[in-house]
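Source file target-v1.txt; content: compact mmCIF, C-alpha atoms.
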# COMPACT_ATOMS: atom_id res chain seq x y z
CA MET B 1 90.91 -9.27 136.94
CA ARG B 2 87.93 -11.52 136.18
CA THR B 3 90.25 -14.53 135.91
CA THR B 4 91.71 -13.76 139.34
CA LEU B 5 88.21 -13.51 140.80
CA ILE B 6 87.23 -16.83 139.20
CA LEU B 7 90.14 -18.56 140.91
CA LEU B 8 89.32 -16.91 144.23
CA LEU B 9 85.66 -17.86 144.05
CA ALA B 10 86.37 -21.41 142.94
CA THR B 11 88.68 -21.88 145.94
CA ILE B 12 86.52 -20.06 148.45
CA SER B 13 83.28 -21.75 147.42
CA SER B 14 84.73 -25.08 148.52
CA CYS B 15 86.16 -23.91 151.85
CA LEU B 16 84.12 -20.84 152.76
CA MET B 17 82.28 -22.51 155.58
CA VAL B 18 85.58 -23.31 157.25
CA SER B 19 87.75 -20.30 156.54
CA ALA B 20 85.24 -17.48 156.86
CA THR B 21 82.68 -18.61 159.39
CA LEU B 22 82.48 -16.32 162.40
CA SER B 23 83.35 -17.85 165.73
CA LYS B 24 80.73 -17.84 168.46
CA THR B 25 82.48 -14.93 170.14
CA ASP B 26 82.59 -12.84 167.00
CA ALA B 27 79.00 -11.75 167.33
CA LYS B 28 76.26 -11.53 169.88
CA LYS B 29 74.53 -14.85 170.06
CA SER B 30 70.96 -14.86 168.84
CA HIS B 31 68.30 -16.68 170.82
CA LYS B 32 65.98 -16.58 167.85
CA THR B 33 66.88 -17.33 164.26
CA GLU B 34 65.11 -15.17 161.72
CA ALA B 35 63.14 -17.47 159.44
CA ALA B 36 63.29 -17.10 155.69
CA GLU B 37 60.09 -17.14 153.71
CA THR B 38 60.26 -19.73 150.94
CA SER B 39 56.90 -19.27 149.24
CA LEU B 40 56.81 -17.30 146.01
CA ALA B 41 55.37 -13.80 146.08
CA GLU B 42 52.41 -12.48 144.11
CA LEU B 43 54.04 -9.04 143.89
CA SER B 44 57.53 -8.06 142.72
CA VAL B 45 60.15 -6.65 145.08
CA LEU B 46 59.39 -3.15 143.79
CA GLU B 47 55.68 -3.54 144.42
CA ARG B 48 56.49 -4.84 147.91
CA GLY B 49 58.55 -1.72 148.61
CA LEU B 50 61.80 -3.60 149.27
CA ALA B 51 64.22 -1.59 147.09
CA VAL B 52 65.00 1.04 149.72
CA SER B 53 68.11 2.83 150.98
CA ASP B 54 67.44 1.77 154.58
CA PRO B 55 66.71 -1.98 154.44
CA LEU B 56 66.64 -3.99 157.64
CA TRP B 57 68.82 -7.07 157.85
CA LYS B 58 65.84 -9.18 158.93
CA ASP B 59 63.83 -8.15 155.86
CA ILE B 60 66.64 -9.27 153.57
CA VAL B 61 66.86 -12.62 155.38
CA LYS B 62 63.09 -13.07 155.29
CA GLU B 63 62.46 -12.04 151.70
CA GLU B 64 65.55 -12.98 149.65
CA LYS B 65 64.10 -16.25 148.34
CA ARG B 66 60.67 -14.76 147.61
CA TYR B 67 60.88 -13.75 143.99
CA CYS B 68 57.68 -12.95 142.10
CA ALA B 69 55.81 -16.00 140.85
CA HIS B 70 54.83 -14.11 137.69
CA ILE B 71 58.17 -14.11 135.87
CA LYS B 72 57.94 -11.41 133.27
CA ARG B 73 60.76 -9.41 131.73
CA THR B 74 60.65 -5.64 132.17
CA PHE B 75 64.15 -4.51 131.14
CA GLN B 76 64.19 -3.85 127.40
CA GLY B 77 67.89 -4.12 126.56
CA LEU B 78 70.16 -7.13 126.02
CA VAL B 79 70.85 -9.17 129.16
CA LEU B 80 73.82 -11.56 129.33
CA GLY B 81 74.21 -13.82 132.35
CA TYR B 82 77.36 -15.77 133.24
CA ILE B 83 77.32 -19.15 134.97
CA THR B 84 80.22 -21.27 136.23
CA PRO B 85 80.56 -25.04 136.72
CA TRP B 86 81.43 -24.63 140.40
CA ASN B 87 78.22 -22.77 141.23
CA SER B 88 75.34 -25.11 140.48
CA HIS B 89 72.70 -22.64 141.64
CA GLY B 90 73.51 -20.49 138.61
CA TYR B 91 72.25 -23.31 136.38
CA ASP B 92 68.96 -23.33 138.30
CA VAL B 93 68.65 -19.54 138.07
CA VAL B 94 68.81 -19.68 134.27
CA LYS B 95 66.13 -22.37 134.11
CA ILE B 96 63.83 -20.44 136.45
CA PHE B 97 64.40 -16.95 135.05
CA GLY B 98 65.29 -17.90 131.48
CA SER B 99 62.78 -15.48 130.00
CA LYS B 100 64.68 -12.57 131.58
CA PHE B 101 67.88 -13.21 129.59
CA THR B 102 68.73 -12.73 125.93
CA SER B 103 71.94 -14.78 126.22
CA VAL B 104 73.82 -16.94 128.70
CA SER B 105 77.56 -17.43 128.83
CA PRO B 106 78.63 -20.62 130.62
CA VAL B 107 82.27 -20.36 131.74
CA TRP B 108 83.25 -23.64 130.14
CA LEU B 109 85.82 -23.22 127.40
CA GLN B 110 89.47 -22.45 126.79
CA LEU B 111 91.19 -21.82 123.48
CA ARG B 112 94.71 -23.22 123.32
CA ARG B 113 97.29 -22.85 120.58
CA ARG B 114 98.96 -26.21 119.98
CA GLY B 115 101.37 -25.14 117.24
CA PRO B 116 101.48 -23.42 113.84
CA GLU B 117 97.89 -23.03 112.57
CA SER B 118 96.73 -25.53 115.19
CA PHE B 119 94.10 -24.65 117.80
CA ASP B 120 92.07 -26.65 120.26
CA VAL B 121 88.97 -25.76 122.28
CA THR B 122 89.06 -27.49 125.67
CA GLY B 123 86.51 -27.66 128.47
CA LEU B 124 83.77 -29.22 126.37
CA HIS B 125 83.28 -31.87 129.05
CA ASP B 126 81.41 -29.19 131.05
CA HIS B 127 78.84 -28.78 128.28
CA ASP B 128 75.52 -30.10 129.59
CA PRO B 129 73.11 -30.67 126.66
CA GLY B 130 70.27 -31.57 129.01
CA TRP B 131 70.56 -28.25 130.82
CA VAL B 132 70.80 -26.37 127.51
CA LYS B 133 67.61 -28.08 126.34
CA ALA B 134 65.81 -27.06 129.55
CA VAL B 135 67.01 -23.47 129.18
CA ARG B 136 65.84 -23.26 125.58
CA LYS B 137 62.48 -24.62 126.71
CA SER B 138 62.12 -21.70 129.13
CA ASN B 139 63.11 -19.22 126.43
CA ARG B 140 63.30 -20.41 122.84
CA LYS B 141 65.05 -17.18 121.78
CA ILE B 142 67.87 -17.35 124.34
CA LYS B 143 71.40 -17.69 122.96
CA ILE B 144 74.08 -19.92 124.46
CA VAL B 145 77.42 -18.14 124.00
CA PRO B 146 80.06 -19.87 126.17
CA ARG B 147 82.92 -17.81 127.55
CA LEU B 148 86.10 -18.67 125.61
CA LEU B 149 89.29 -17.84 127.49
CA PHE B 150 92.48 -17.58 125.45
CA ASP B 151 94.36 -19.80 127.86
CA GLY B 152 98.09 -20.39 128.08
CA TRP B 153 98.92 -18.00 125.26
CA SER B 154 102.40 -16.49 125.30
CA TYR B 155 103.20 -13.05 124.00
CA GLN B 156 104.79 -14.73 120.99
CA ASP B 157 101.60 -16.73 120.35
CA TYR B 158 99.65 -13.49 120.09
CA MET B 159 102.22 -11.88 117.82
CA THR B 160 102.38 -14.90 115.53
CA VAL B 161 98.62 -15.27 115.22
CA THR B 162 97.82 -11.57 114.81
CA GLY B 163 100.50 -11.32 112.11
CA SER B 164 99.16 -14.17 110.01
CA GLU B 165 95.86 -14.30 108.14
CA ASP B 166 96.23 -18.07 107.80
CA GLU B 167 96.51 -18.46 111.57
CA ILE B 168 93.41 -16.34 112.19
CA GLU B 169 91.45 -18.17 109.50
CA GLU B 170 92.35 -21.51 111.09
CA LEU B 171 91.39 -20.21 114.52
CA GLY B 172 88.03 -18.96 113.22
CA SER B 173 87.41 -22.24 111.43
CA GLU B 174 87.98 -24.17 114.66
CA LEU B 175 85.45 -21.99 116.49
CA VAL B 176 82.85 -22.40 113.75
CA ASP B 177 83.29 -26.18 113.80
CA VAL B 178 82.88 -26.32 117.60
CA ALA B 179 79.81 -24.07 117.54
CA LYS B 180 78.16 -26.24 114.88
CA THR B 181 79.04 -29.54 116.56
CA GLU B 182 77.99 -28.45 120.07
CA GLY B 183 74.95 -26.40 119.11
CA PHE B 184 76.26 -23.10 120.48
CA ASP B 185 75.00 -19.74 119.23
CA GLY B 186 78.43 -18.12 119.33
CA PHE B 187 81.13 -17.27 121.86
CA THR B 188 82.06 -14.70 124.48
CA LEU B 189 85.73 -13.93 123.90
CA GLU B 190 88.00 -13.13 126.85
CA LEU B 191 91.46 -12.06 125.74
CA TRP B 192 91.71 -8.27 125.74
CA SER B 193 93.27 -7.79 129.19
CA GLN B 194 95.89 -10.50 128.78
CA LEU B 195 98.44 -8.23 127.15
CA GLY B 196 98.01 -5.52 129.76
CA GLY B 197 96.78 -2.91 127.33
CA ASN B 198 99.63 -3.44 124.88
CA LYS B 199 99.42 -4.28 121.17
CA ARG B 200 95.90 -2.89 120.81
CA LYS B 201 96.17 -2.55 117.05
CA GLU B 202 97.05 -6.23 116.72
CA LEU B 203 94.27 -7.30 119.10
CA LEU B 204 91.79 -5.16 117.18
CA HIS B 205 92.70 -6.96 113.99
CA LEU B 206 92.40 -10.38 115.64
CA VAL B 207 89.03 -9.74 117.30
CA LYS B 208 87.57 -8.10 114.21
CA HIS B 209 88.60 -10.98 111.98
CA ILE B 210 87.31 -13.65 114.38
CA CYS B 211 83.96 -11.88 114.71
CA GLU B 212 83.66 -11.50 110.95
CA ILE B 213 84.24 -15.24 110.51
CA LEU B 214 81.64 -16.09 113.17
CA LYS B 215 79.06 -13.63 111.87
CA ALA B 216 79.45 -14.95 108.31
CA LYS B 217 78.20 -18.28 109.68
CA ARG B 218 75.45 -16.60 111.74
CA PHE B 219 77.15 -17.01 115.11
CA ASP B 220 77.30 -14.27 117.75
CA CYS B 221 80.55 -12.73 118.91
CA ILE B 222 80.67 -11.02 122.32
CA LEU B 223 83.84 -9.42 123.70
CA VAL B 224 84.72 -9.04 127.38
CA ILE B 225 86.26 -5.60 127.96
CA PRO B 226 87.87 -3.93 130.98
CA PRO B 227 86.55 -0.60 132.32
CA ALA B 228 87.21 2.41 130.11
CA VAL B 229 88.27 4.36 133.21
CA THR B 230 90.38 2.96 136.04
CA SER B 231 89.56 3.48 139.70
CA THR B 232 92.23 6.19 139.77
CA GLY B 233 90.64 8.07 136.91
CA GLU B 234 93.16 7.04 134.27
CA PRO B 235 92.16 5.77 130.80
CA GLY B 236 91.64 2.01 130.78
CA MET B 237 92.96 -0.65 128.43
CA PHE B 238 89.97 -0.39 126.11
CA GLY B 239 88.64 2.97 124.99
CA ARG B 240 86.47 4.80 122.53
CA GLU B 241 88.77 4.21 119.56
CA GLU B 242 88.71 0.44 120.02
CA PHE B 243 84.98 0.44 120.70
CA GLU B 244 84.11 2.36 117.55
CA GLN B 245 86.30 0.17 115.37
CA LEU B 246 84.82 -3.07 116.69
CA ALA B 247 81.19 -2.05 117.23
CA PRO B 248 80.08 -2.87 113.66
CA VAL B 249 81.17 -6.52 113.99
CA VAL B 250 80.88 -7.29 117.72
CA ASP B 251 77.40 -8.24 118.95
CA GLY B 252 77.98 -7.17 122.54
CA PHE B 253 80.68 -5.70 124.78
CA SER B 254 80.62 -7.26 128.25
CA LEU B 255 81.86 -4.27 130.26
CA MET B 256 83.46 -5.13 133.60
CA THR B 257 82.13 -2.23 135.64
CA TYR B 258 82.97 -3.76 139.02
CA ASP B 259 86.01 -4.56 141.20
CA TYR B 260 86.54 -0.81 141.62
CA SER B 261 88.04 -1.21 145.10
CA ASN B 262 90.69 -3.52 146.51
CA THR B 263 92.41 -4.54 149.73
CA GLY B 264 94.65 -1.49 149.65
CA ARG B 265 91.65 0.76 149.18
CA PRO B 266 88.48 -0.85 150.56
CA GLY B 267 85.19 0.48 149.29
CA PRO B 268 82.35 0.05 146.82
CA SER B 269 82.47 -2.46 143.98
CA SER B 270 80.99 -0.22 141.29
CA PRO B 271 80.32 3.41 142.22
CA LEU B 272 77.41 4.64 140.16
CA HIS B 273 79.15 7.77 138.86
CA TRP B 274 82.10 5.65 137.72
CA VAL B 275 79.82 3.18 135.92
CA ARG B 276 78.21 6.07 134.03
CA ASP B 277 81.62 7.51 133.14
CA CYS B 278 82.84 4.15 131.81
CA VAL B 279 79.89 3.95 129.42
CA LEU B 280 80.10 7.55 128.24
CA GLN B 281 83.85 7.35 127.68
CA LEU B 282 83.28 4.43 125.31
CA SER B 283 80.21 5.82 123.61
CA PRO B 284 79.54 9.57 124.00
CA ASN B 285 76.94 9.26 121.26
CA THR B 286 74.28 6.60 121.13
CA GLN B 287 74.97 4.94 117.77
CA TRP B 288 76.40 1.69 119.15
CA ARG B 289 75.64 2.10 122.84
CA LYS B 290 72.98 -0.62 122.92
CA LYS B 291 75.79 -3.14 122.38
CA ILE B 292 77.45 -2.20 125.68
CA LEU B 293 76.49 -4.70 128.38
CA LEU B 294 76.90 -2.77 131.61
CA GLY B 295 78.42 -5.14 134.16
CA LEU B 296 76.64 -5.96 137.43
CA ASN B 297 78.44 -7.90 140.16
CA LEU B 298 76.17 -10.25 142.09
CA TYR B 299 78.87 -11.09 144.65
CA GLY B 300 80.10 -8.94 147.51
CA LEU B 301 83.47 -8.29 149.11
CA ASP B 302 84.60 -8.57 152.73
CA PHE B 303 87.53 -6.21 153.29
CA ALA B 304 89.97 -6.62 156.18
CA SER B 305 93.55 -5.61 156.83
CA GLN B 306 94.80 -9.14 156.14
CA GLY B 307 93.03 -9.47 152.81
CA THR B 308 89.78 -9.40 150.89
CA GLU B 309 87.37 -12.28 150.37
CA PRO B 310 84.49 -12.57 147.90
CA ILE B 311 81.15 -13.08 149.63
CA LEU B 312 78.37 -15.09 147.99
CA GLY B 313 74.68 -14.89 148.80
CA GLY B 314 74.49 -17.83 151.19
CA ARG B 315 77.39 -16.57 153.27
CA TYR B 316 75.99 -13.04 153.25
CA ILE B 317 72.71 -14.27 154.72
CA GLU B 318 74.63 -16.20 157.41
CA ILE B 319 76.50 -13.05 158.42
CA LEU B 320 73.29 -11.02 158.54
CA ARG B 321 71.68 -13.61 160.80
CA GLU B 322 74.66 -13.74 163.16
CA LEU B 323 75.55 -10.08 163.36
CA ARG B 324 72.23 -8.31 162.76
CA PRO B 325 74.11 -5.34 161.32
CA LYS B 326 72.76 -1.95 160.40
CA LEU B 327 73.24 -1.46 156.67
CA ILE B 328 74.63 1.94 155.75
CA TRP B 329 73.80 3.61 152.44
CA ASP B 330 76.75 5.21 150.63
CA GLU B 331 74.91 7.96 148.76
CA TYR B 332 77.83 8.86 146.50
CA ALA B 333 78.61 5.29 145.38
CA ALA B 334 74.96 4.15 145.65
CA GLU B 335 75.89 0.96 147.51
CA HIS B 336 75.19 -0.54 150.92
CA TYR B 337 77.84 -1.68 153.38
CA PHE B 338 78.28 -2.60 157.03
CA SER B 339 81.20 -3.13 159.40
CA TYR B 340 81.96 -5.73 162.05
CA LYS B 341 84.86 -6.96 164.17
CA ARG B 342 86.02 -10.49 164.86
CA ASN B 343 87.02 -11.59 168.33
CA ASN B 344 90.64 -10.80 167.41
CA GLY B 345 89.70 -7.15 167.01
CA VAL B 346 90.20 -7.05 163.24
CA LYS B 347 87.71 -4.73 161.57
CA HIS B 348 85.86 -5.91 158.46
CA VAL B 349 83.86 -3.88 155.97
CA VAL B 350 81.36 -5.75 153.79
CA TYR B 351 79.92 -4.44 150.53
CA PHE B 352 77.21 -6.58 148.97
CA PRO B 353 74.62 -5.76 146.28
CA THR B 354 71.13 -4.88 147.43
CA LEU B 355 67.85 -4.35 145.63
CA LYS B 356 68.38 -0.59 145.82
CA SER B 357 71.92 -0.64 144.42
CA LEU B 358 70.97 -2.98 141.57
CA TYR B 359 67.79 -1.05 140.80
CA LEU B 360 69.78 2.15 140.32
CA ARG B 361 72.28 0.47 137.99
CA ILE B 362 69.54 -1.11 135.92
CA ALA B 363 67.84 2.29 135.78
CA LEU B 364 71.13 3.78 134.59
CA ALA B 365 71.35 1.17 131.83
CA THR B 366 67.82 2.08 130.77
CA GLU B 367 68.67 5.78 130.80
CA LEU B 368 71.83 5.33 128.75
CA GLY B 369 70.34 2.73 126.42
CA THR B 370 72.79 -0.07 127.24
CA GLY B 371 72.29 -3.74 127.97
CA LEU B 372 73.42 -5.66 131.07
CA SER B 373 75.92 -8.41 131.87
CA MET B 374 75.69 -10.19 135.21
CA TRP B 375 78.66 -11.84 136.94
CA GLU B 376 77.61 -14.30 137.95
CA LEU B 377 74.20 -15.89 138.17
CA GLY B 378 73.58 -17.76 141.41
CA GLN B 379 76.04 -15.73 143.46
CA GLY B 380 73.53 -13.17 144.66
CA LEU B 381 70.02 -13.44 146.10
CA ASP B 382 67.11 -14.93 144.18
CA TYR B 383 64.84 -11.94 144.51
CA PHE B 384 67.35 -9.78 142.60
CA TYR B 385 65.95 -11.13 139.32
CA ASP B 386 62.59 -9.44 139.93
CA LEU B 387 64.37 -6.25 138.82
CA LEU B 388 65.00 -7.47 135.27

Any chance you could give the structure as structure tokens?
Amino acid sequence: MRTTLILLLATISSCLMVSATLSKTDAKKSHKTEAAETSLAELSVLERGLAVSDPLWKDIVKEEKRYCAHIKRTFQGLVLGYITPWNSHGYDVVKIFGSKFTSVSPVWLQLRRRGPESFDVTGLHDHDPGWVKAVRKSNRKIKIVPRLLFDGWSYQDYMTVTGSEDEIEELGSELVDVAKTEGFDGFTLELWSQLGGNKRKELLHLVKHICEILKAKRFDCILVIPPAVTSTGEPGMFGREEFEQLAPVVDGFSLMTYDYSNTGRPGPSSPLHWVRDCVLQLSPNTQWRKKILLGLNLYGLDFASQGTEPILGGRYIEILRELRPKLIWDEYAAEHYFSYKRNNGVKHVVYFPTLKSLYLRIALATELGTGLSMWELGQGLDYFYDLL
């Protein structure tokens, strides 16, 4: 699901202004453009009373770039932030708010199997040592743990590797060599969903062994996991049994508690009750719960009958300026949304994170004792980071 979203966002980010811009007849023309404040604020968004269930569109437009000048971390758990090469603002966010994060996962790398006991990490051309140096300057304790996608693996590749200790040892050795050479602090592994929930025992063995190899060399091992409960209430592809077996060796579980709705069933991205259920299904007791990184989406979704498009912060602000919509608070899901129609009569429903929705999810993470993972930095609005 994340891989699909990456492809959508990469495509849309380059053509969004053409394919999604409202025509002049789609909305009432404004004779006055609401100006955005660009100066930093002395008070946080909470102290300014902005995290409310009834925000005005003009307040969002005016305030979204006004994060607090006094950047100080308030959330006590682990915080992992993702960045992607096609969203340069994410790189700036990490440099500005570096003290708010415990680790950053650049979406740079792919792991390919070239043949028997032969593996290759690609994507290293995206590694920017200068940026890494600047990030470490802002937070000397921050860990750089690039996302590593098991790319182009066939079912037979998985079966061969999981059935051979020599294959796994060679794979782990390759990762250790890359981490040492590039100066990484570990990796964020993305592979669990690729077999559609099948062969869990084999995947458990593979992940456990890789993490043991990395930890023996003092590198971190984070695992991306799908929701423990599907949007239809069924058990997900990763549950309590897998969590409890891997928790002793995995440093963090990046839990994808978003993308709850889809084109066939428009609605919220991460209903609060569902997020809570996903955490508690994995960890009903608190022994390992701090390793769960509750997922926060910083992008929104624009639902229409002909399809669904991801909405990034810049586009969201454009729509607010043009349409001046009234944001509606979904009390059950704890998310804001609004509706509009194009000149062709097609109805759209837009869900996008707000200070209130994010505040409640961060509060939930604090209550449950989990960490956070944010997909992805730079997609949302700058003042969101005041909440961390």

Within 12 Å of file point (103.9, -11.3, 117.3), counting only C-alpha atoms, expressed as a list in words: Trp153, Ser154, Tyr155, Gln156, Asp157, Tyr158, Met159, Thr160, Val161, Thr162, Gly163, Ser164, Glu167, Leu195, Asn198, Lys199, Lys201, Glu202, Leu203 and Leu206 of chain B

Selection near stretch 116-121 of chain B, 8 Å with all atoms listed in the file, sequence-local residues under 2 positions removed, as a list in words: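 Result of the neighbour search: Leu109, Gln110, Leu111, Arg112, Arg113, Arg114, Gly123, Leu124, Asp166, Glu167, Glu170, Leu171, Glu174, Leu175 and Val178 of chain B.
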
Contacts of B:Lys180 within 10 Å, only C-alpha atoms, excl. fewer than 5 positions in-chain, as a list in words: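 In the requested form, the answer reads Leu175, Asp185, Gly186, Lys217 and Phe219 of chain B.
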
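Comparing the minimum interatomic distances between B:Trp108 and each of B:Ile222, B:Ile60, B:Leu189, B:Leu388, counting only C-alpha atoms, we find that B:Leu189 sits nearest.
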
Proximity to B:Asn262 - best of B:Gln76, B:Thr188, B:Ser305, B:Thr366, all atoms listed in the file: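 Under the stated criterion, the closest residue is B:Ser305.
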
Shortest interatomic distance to B:Lys326 - which of B:Phe238, B:Phe184, B:Phe338, B:Tyr258, counting all atoms listed in the file: B:Phe338

Top pick for closest residue to B:Pro85, considering B:Ser254, B:Lys141, B:Pro353, B:His125 and counting all atoms listed in the file: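 Result for the nearest residue to B:Pro85: B:His125.
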
First collect every listed atom of stretch 255-272 of chain B; then fit an axis-aligned box around them, widen it by 6 Å on each side, and give centre and edge lengths in Å to one decimal, as AutoDock Vina command-line options.
--center_x 86.0 --center_y -0.2 --center_z 140.4 --size_x 29.2 --size_y 21.8 --size_z 32.3

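Shortest separation to B:Ile142 among B:Tyr316, B:Val176, B:His127, B:Ser105 occurs at residue B:Ser105, atoms counted being all atoms listed in the file.
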
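Atom pair atom CA of B:Glu64 / atom CA of B:Glu318: separated by 12.4 Å.
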
From B:Ala247, B:Ala365, B:Val61, B:Ala216, residue lying nearest B:Gly313 [only C-alpha atoms]: B:Val61

Atomic distance atom CA of B:Leu296 - atom CA of B:Glu244, expressed in Å with one decimal: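 A separation of 22.8 Å between them.
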
Distance query B:Val349 at most 10 Å, all atoms listed in the file, self and fewer than 5 positions along chain excluded, as number ranges by chain: B: 266-267, 301-305, 308, 337-341

Atom CA of B:Arg200 to atom CA of B:Ser103, straight-line distance in Å: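 Computed distance, atom CA of B:Ser103 to atom CA of B:Arg200, equals 27.3 Å.
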
Shell around B:Lys62 at 12 Å using all atoms listed in the file, local window under 5 positions removed, as a ChimeraX atom specification: /B:33-40,50,55-57,67,317,320-321,381-383

I need stretch 310-380 of chain B written out with C-alpha atoms, as a compact mmCIF listing (two decimals), in the first residue's frame; please produce it.
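The resulting out-v7.txt:
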# COMPACT_ATOMS: atom_id res chain seq x y z
CA PRO B 310 -3.26 12.42 -2.75
CA ILE B 311 -3.22 16.06 -1.67
CA LEU B 312 -0.05 17.70 -0.38
CA GLY B 313 0.15 20.80 1.78
CA GLY B 314 0.75 23.34 -0.98
CA ARG B 315 -2.19 22.12 -3.01
CA TYR B 316 -4.39 21.99 0.09
CA ILE B 317 -3.68 25.66 0.81
CA GLU B 318 -4.50 26.53 -2.83
CA ILE B 319 -7.88 24.79 -2.55
CA LEU B 320 -8.66 26.55 0.74
CA ARG B 321 -7.88 29.93 -0.83
CA GLU B 322 -10.04 29.26 -3.89
CA LEU B 323 -13.01 27.57 -2.29
CA ARG B 324 -13.11 29.04 1.21
CA PRO B 325 -14.75 25.85 2.47
CA LYS B 326 -16.27 25.19 5.85
CA LEU B 327 -14.30 22.40 7.50
CA ILE B 328 -16.48 19.75 9.11
CA TRP B 329 -15.33 17.80 12.15
CA ASP B 330 -16.00 14.04 12.03
CA GLU B 331 -16.32 13.35 15.75
CA TYR B 332 -16.18 9.57 15.42
CA ALA B 333 -13.07 9.45 13.21
CA ALA B 334 -11.56 12.61 14.75
CA GLU B 335 -10.69 14.10 11.35
CA HIS B 336 -11.68 17.18 9.36
CA TYR B 337 -13.09 17.13 5.85
CA PHE B 338 -14.91 19.34 3.37
CA SER B 339 -16.78 18.85 0.09
CA TYR B 340 -16.81 20.75 -3.18
CA LYS B 341 -17.99 20.35 -6.77
CA ARG B 342 -16.18 21.06 -10.01
CA ASN B 343 -17.89 22.81 -12.88
CA ASN B 344 -18.72 19.37 -14.33
CA GLY B 345 -20.86 18.65 -11.29
CA VAL B 346 -18.58 15.95 -9.87
CA LYS B 347 -18.58 15.98 -6.08
CA HIS B 348 -15.27 15.79 -4.23
CA VAL B 349 -14.63 15.07 -0.57
CA VAL B 350 -11.26 16.12 0.87
CA TYR B 351 -9.74 14.75 4.06
CA PHE B 352 -6.54 16.44 5.19
CA PRO B 353 -4.76 16.39 8.58
CA THR B 354 -5.31 19.35 10.87
CA LEU B 355 -3.74 20.44 14.13
CA LYS B 356 -6.70 18.98 16.02
CA SER B 357 -6.58 15.58 14.32
CA LEU B 358 -2.82 15.26 14.75
CA TYR B 359 -2.95 16.48 18.35
CA LEU B 360 -5.42 13.72 19.25
CA ARG B 361 -3.28 11.02 17.63
CA ILE B 362 -0.14 12.23 19.35
CA ALA B 363 -2.09 12.31 22.61
CA LEU B 364 -3.17 8.72 21.93
CA ALA B 365 0.46 7.70 21.40
CA THR B 366 1.33 9.31 24.72
CA GLU B 367 -1.55 7.54 26.45
CA LEU B 368 -0.64 4.13 25.03
CA GLY B 369 3.10 4.61 25.43
CA THR B 370 4.00 4.23 21.75
CA GLY B 371 6.29 6.21 19.49
CA LEU B 372 5.38 7.90 16.18
CA SER B 373 6.24 7.46 12.52
CA MET B 374 5.40 10.24 10.07
CA TRP B 375 4.75 9.68 6.36
CA GLU B 376 6.11 11.83 5.07
CA LEU B 377 7.93 14.95 6.20
CA GLY B 378 7.31 17.97 4.01
CA GLN B 379 3.92 16.81 2.75
CA GLY B 380 1.89 18.55 5.43
